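Undergrad: File follows, protein.cif with mmCIF, C-alpha atoms:
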```cif
data_input
loop_
_atom_site.group_PDB
_atom_site.id
_atom_site.type_symbol
_atom_site.label_atom_id
_atom_site.label_comp_id
_atom_site.auth_asym_id
_atom_site.auth_seq_id
_atom_site.Cartn_x
_atom_site.Cartn_y
_atom_site.Cartn_z
ATOM 1 C CA MET A 8 -27.003 -15.865 58.122
ATOM 2 C CA ARG A 9 -29.282 -12.840 57.813
ATOM 3 C CA SER A 10 -31.036 -12.122 54.602
ATOM 4 C CA PRO A 11 -29.834 -9.078 52.613
ATOM 5 C CA ILE A 12 -33.288 -7.463 52.915
ATOM 6 C CA LYS A 13 -33.210 -7.586 56.734
ATOM 7 C CA VAL A 14 -29.680 -6.172 56.824
ATOM 8 C CA LEU A 15 -30.663 -3.369 54.435
ATOM 9 C CA PHE A 16 -33.787 -2.592 56.498
ATOM 10 C CA ILE A 17 -31.760 -2.432 59.737
ATOM 11 C CA LEU A 18 -29.149 -0.235 58.086
ATOM 12 C CA GLN A 19 -31.842 2.148 56.800
ATOM 13 C CA LEU A 20 -33.467 2.267 60.225
ATOM 14 C CA VAL A 21 -30.137 3.157 61.869
ATOM 15 C CA VAL A 22 -29.384 5.872 59.278
ATOM 16 C CA PHE A 23 -32.858 7.441 59.507
ATOM 17 C CA THR A 24 -32.722 7.394 63.303
ATOM 18 C CA TRP A 25 -29.314 9.070 63.226
ATOM 19 C CA ILE A 26 -30.478 11.729 60.742
ATOM 20 C CA GLY A 27 -33.620 12.364 62.785
ATOM 21 C CA SER A 28 -31.625 12.836 65.972
ATOM 22 C CA ILE A 29 -29.346 15.357 64.264
ATOM 23 C CA SER A 30 -32.208 17.519 63.051
ATOM 24 C CA THR A 31 -33.997 17.542 66.408
ATOM 25 C CA THR A 32 -30.875 18.240 68.464
ATOM 26 C CA SER A 33 -30.130 21.909 68.937
ATOM 27 C CA ALA A 34 -27.525 23.812 70.861
ATOM 28 C CA MET A 35 -28.081 27.164 72.454
ATOM 29 C CA VAL A 36 -25.375 29.801 72.472
ATOM 30 C CA ASP A 37 -25.592 32.558 75.037
ATOM 31 C CA TRP A 38 -24.042 35.810 73.883
ATOM 32 C CA GLN A 39 -24.223 39.473 74.576
ATOM 33 C CA GLU A 40 -22.743 42.545 72.964
ATOM 34 C CA ILE A 41 -20.110 44.004 75.245
ATOM 35 C CA LYS A 42 -18.751 46.840 73.173
ATOM 36 C CA GLN A 43 -19.172 48.378 69.757
ATOM 37 C CA LEU A 44 -16.258 50.144 68.073
ATOM 38 C CA ASN A 45 -16.500 52.655 65.255
ATOM 39 C CA LEU A 46 -13.351 52.045 63.245
ATOM 40 C CA GLU A 47 -11.953 54.663 60.893
ATOM 41 C CA GLU A 48 -10.056 52.008 58.914
ATOM 42 C CA GLN A 49 -11.138 48.672 57.432
ATOM 43 C CA PRO A 50 -10.088 45.879 59.848
ATOM 44 C CA LEU A 51 -8.207 42.894 58.446
ATOM 45 C CA ASP A 52 -8.447 40.783 61.606
ATOM 46 C CA ILE A 53 -9.310 41.128 65.293
ATOM 47 C CA THR A 54 -8.190 39.319 68.435
ATOM 48 C CA ALA A 55 -8.487 39.918 72.169
ATOM 49 C CA SER A 56 -6.501 39.110 75.266
ATOM 50 C CA LEU A 57 -7.860 36.112 77.149
ATOM 51 C CA ASN A 58 -9.114 38.221 80.059
ATOM 52 C CA GLY A 59 -10.747 40.702 77.652
ATOM 53 C CA ASP A 60 -8.791 43.715 78.890
ATOM 54 C CA PHE A 61 -7.403 44.461 75.427
ATOM 55 C CA ILE A 62 -8.777 44.245 71.905
ATOM 56 C CA PHE A 63 -6.270 44.227 69.048
ATOM 57 C CA VAL A 64 -7.467 45.327 65.618
ATOM 58 C CA LEU A 65 -5.178 44.714 62.653
ATOM 59 C CA VAL A 66 -5.555 47.355 59.941
ATOM 60 C CA PRO A 67 -3.252 47.793 56.940
ATOM 61 C CA GLY A 68 0.108 48.883 58.332
ATOM 62 C CA ALA A 69 -0.812 48.964 62.040
ATOM 63 C CA VAL A 70 -2.284 47.226 65.060
ATOM 64 C CA LEU A 71 -4.773 49.348 66.984
ATOM 65 C CA VAL A 72 -4.901 48.561 70.712
ATOM 66 C CA TYR A 73 -8.165 49.238 72.513
ATOM 67 C CA GLY A 74 -8.749 48.969 76.240
ATOM 68 C CA GLU A 75 -11.877 47.496 77.735
ATOM 69 C CA THR A 76 -13.360 50.927 78.436
ATOM 70 C CA GLU A 77 -11.785 53.090 75.684
ATOM 71 C CA ASP A 78 -13.635 54.042 72.508
ATOM 72 C CA LYS A 79 -10.441 55.341 70.863
ATOM 73 C CA PRO A 80 -7.196 53.368 70.375
ATOM 74 C CA MET A 81 -4.860 53.475 73.388
ATOM 75 C CA ASN A 82 -1.925 52.697 71.145
ATOM 76 C CA ARG A 83 -1.094 52.297 67.461
ATOM 77 C CA ILE A 84 1.672 49.812 66.676
ATOM 78 C CA PRO A 85 3.146 50.207 63.180
ATOM 79 C CA VAL A 86 3.627 46.893 61.318
ATOM 80 C CA ASP A 87 4.496 45.786 57.804
ATOM 81 C CA GLN A 88 1.699 46.221 55.251
ATOM 82 C CA GLY A 89 1.925 42.509 54.310
ATOM 83 C CA PHE A 90 0.398 41.182 57.541
ATOM 84 C CA ASP A 91 -3.263 40.187 57.314
ATOM 85 C CA ARG A 92 -3.785 37.858 60.311
ATOM 86 C CA ILE A 93 -3.415 38.447 64.038
ATOM 87 C CA THR A 94 -3.783 36.228 67.088
ATOM 88 C CA TRP A 95 -3.007 36.507 70.788
ATOM 89 C CA SER A 96 -0.781 33.994 72.578
ATOM 90 C CA GLU A 97 -1.798 33.872 76.218
ATOM 91 C CA ARG A 98 1.158 31.668 77.093
ATOM 92 C CA ASN A 99 3.713 34.295 76.045
ATOM 93 C CA LYS A 100 1.435 37.342 76.284
ATOM 94 C CA THR A 101 2.377 38.020 72.666
ATOM 95 C CA LEU A 102 0.667 39.178 69.503
ATOM 96 C CA ILE A 103 1.407 36.934 66.521
ATOM 97 C CA LEU A 104 1.114 38.475 63.063
ATOM 98 C CA THR A 105 1.115 36.372 59.890
ATOM 99 C CA SER A 106 0.473 36.815 56.213
ATOM 100 C CA THR A 107 -1.530 34.534 53.966
ATOM 101 C CA SER A 108 -0.377 36.256 50.792
ATOM 102 C CA SER A 109 3.398 36.636 51.051
ATOM 103 C CA LYS A 110 5.668 33.723 50.338
ATOM 104 C CA THR A 111 9.232 33.445 51.575
ATOM 105 C CA VAL A 112 11.659 32.006 49.059
ATOM 106 C CA LYS A 113 15.327 31.301 49.743
ATOM 107 C CA GLY A 114 17.356 31.330 46.555
ATOM 108 C CA THR A 115 15.953 31.837 43.113
ATOM 109 C CA PRO A 116 12.252 31.017 42.743
ATOM 110 C CA ASP A 117 12.834 29.150 39.460
ATOM 111 C CA ALA A 118 15.697 26.947 40.711
ATOM 112 C CA PRO A 119 15.645 23.286 39.557
ATOM 113 C CA VAL A 120 14.386 20.695 42.042
ATOM 114 C CA THR A 121 15.549 17.073 42.242
ATOM 115 C CA VAL A 122 13.256 14.448 43.773
ATOM 116 C CA VAL A 123 14.958 11.244 44.922
ATOM 117 C CA VAL A 124 12.904 8.185 45.845
ATOM 118 C CA PHE A 125 14.423 5.380 47.933
ATOM 119 C CA SER A 126 12.013 2.517 47.433
ATOM 120 C CA ASP A 127 14.159 -0.557 48.200
ATOM 121 C CA TYR A 128 14.312 -0.399 52.025
ATOM 122 C CA GLU A 129 14.440 -3.798 53.653
#
```
Transcribe the structure of this file into structure tokens.

TA:
Amino acid sequence: MRSPIKVLFILQLVVFTWIGSISTTSAMVDWQEIKQLNLEEQPLDITASLNGDFIFVLVPGAVLVYGETEDKPMNRIPVDQGFDRITWSERNKTLILTSTSSKTVKGTPDAPVTVVVFSDYE
């Protein structure tokens, strides 16, 4: 059986080696600015098509559609003011709009709730 001091020393050595390897490891990210847009409205969220042909900017009440080469919106799609998130689904070639603030309630919000627990399964 190993002594507790040896085990503690080995454990400390492993932890310090792991911490040292984290701090010395670095990852490089290559990036470049492709386009800069001057928006007249405050954007809530932004997404792009997978191939980069279209950029979709969600602003309150609308989605602005920019082409790869256009500096002005190609199209303005009116949407409900409650949407504050946008994403692009490549599979369906669809924009998906969601809201983090609105809550959908069926029935009255203050309806009573019954919780039933079945704890005697055999």

Undergrad: Record the distance separating CA of Trp95 in chain A and CA of Glu47 in chain A, expressed in Å with one decimal.

TA: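 According to the coordinates, CA of Trp95 in chain A and CA of Glu47 in chain A are separated by 22.5 Å.
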
Undergrad: Give the answer as one residue: which of A:Ser108, A:Thr121, A:Thr101, A:Asn45 has the shortest atom-to-atom distance to Asp78 in chain A, using all atoms listed in the file?

TA: A:Asn45

Undergrad: So which one's closest to Ala69 in chain A, A:Met81, A:Val86, A:Ser56, A:Glu48? Using only C-alpha atoms, please.

TA: A:Val86

Undergrad: Can you spell out as number ranges by chain the set of residues that the PyMOL selection byres ((chain A and resi 88) around 10) selects in the structure I just provided?

TA: A: 66-69, 85-87, 89-91, 106

Undergrad: Smallest atom-to-atom distance to Ser96 in chain A: which of A:Thr54, A:Asn82, A:Val124, A:Asp117, using all atoms listed in the file?

TA: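 Checking each candidate against Ser96 in chain A, we get A:Thr54 as the closest.
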
Undergrad: At a cut-off of 8 Å from (0.6, 36.0, 63.4) in the coordinates of the file, what residues are picked up using only C-alpha atoms, written as a list in words?

TA: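 Within 8 Å of (0.6, 36.0, 63.4), the protein and nucleic acid residues are Phe90, Arg92, Ile93, Thr94, Leu102, Ile103, Leu104, Thr105 and Ser106 of chain A.
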
Undergrad: When distances are computed from all atoms listed in the file, which of A:Leu51, A:Ile41, A:Val36, A:Asp127 shows the smallest separation from Val64 in chain A?

TA: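 Of all the options, A:Leu51 lies closest to Val64 in chain A.
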
Undergrad: Name the closest residue to Ala55 in chain A among the candidates A:Gly74, A:Met35, A:Gln43, A:Asn99; distances are taken between atoms, counting only C-alpha atoms.

TA: A:Gly74

Undergrad: Between CA of Lys100 in chain A and CA of Leu71 in chain A, what is the distance, to one decimal in Å?

TA: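 Between CA of Lys100 in chain A and CA of Leu71 in chain A the gap is 16.4 Å.
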
Undergrad: In Å, rounded to a single decimal, give me how far CA of Pro50 in chain A is from CA of Trp38 in chain A.

TA: 22.2 Å
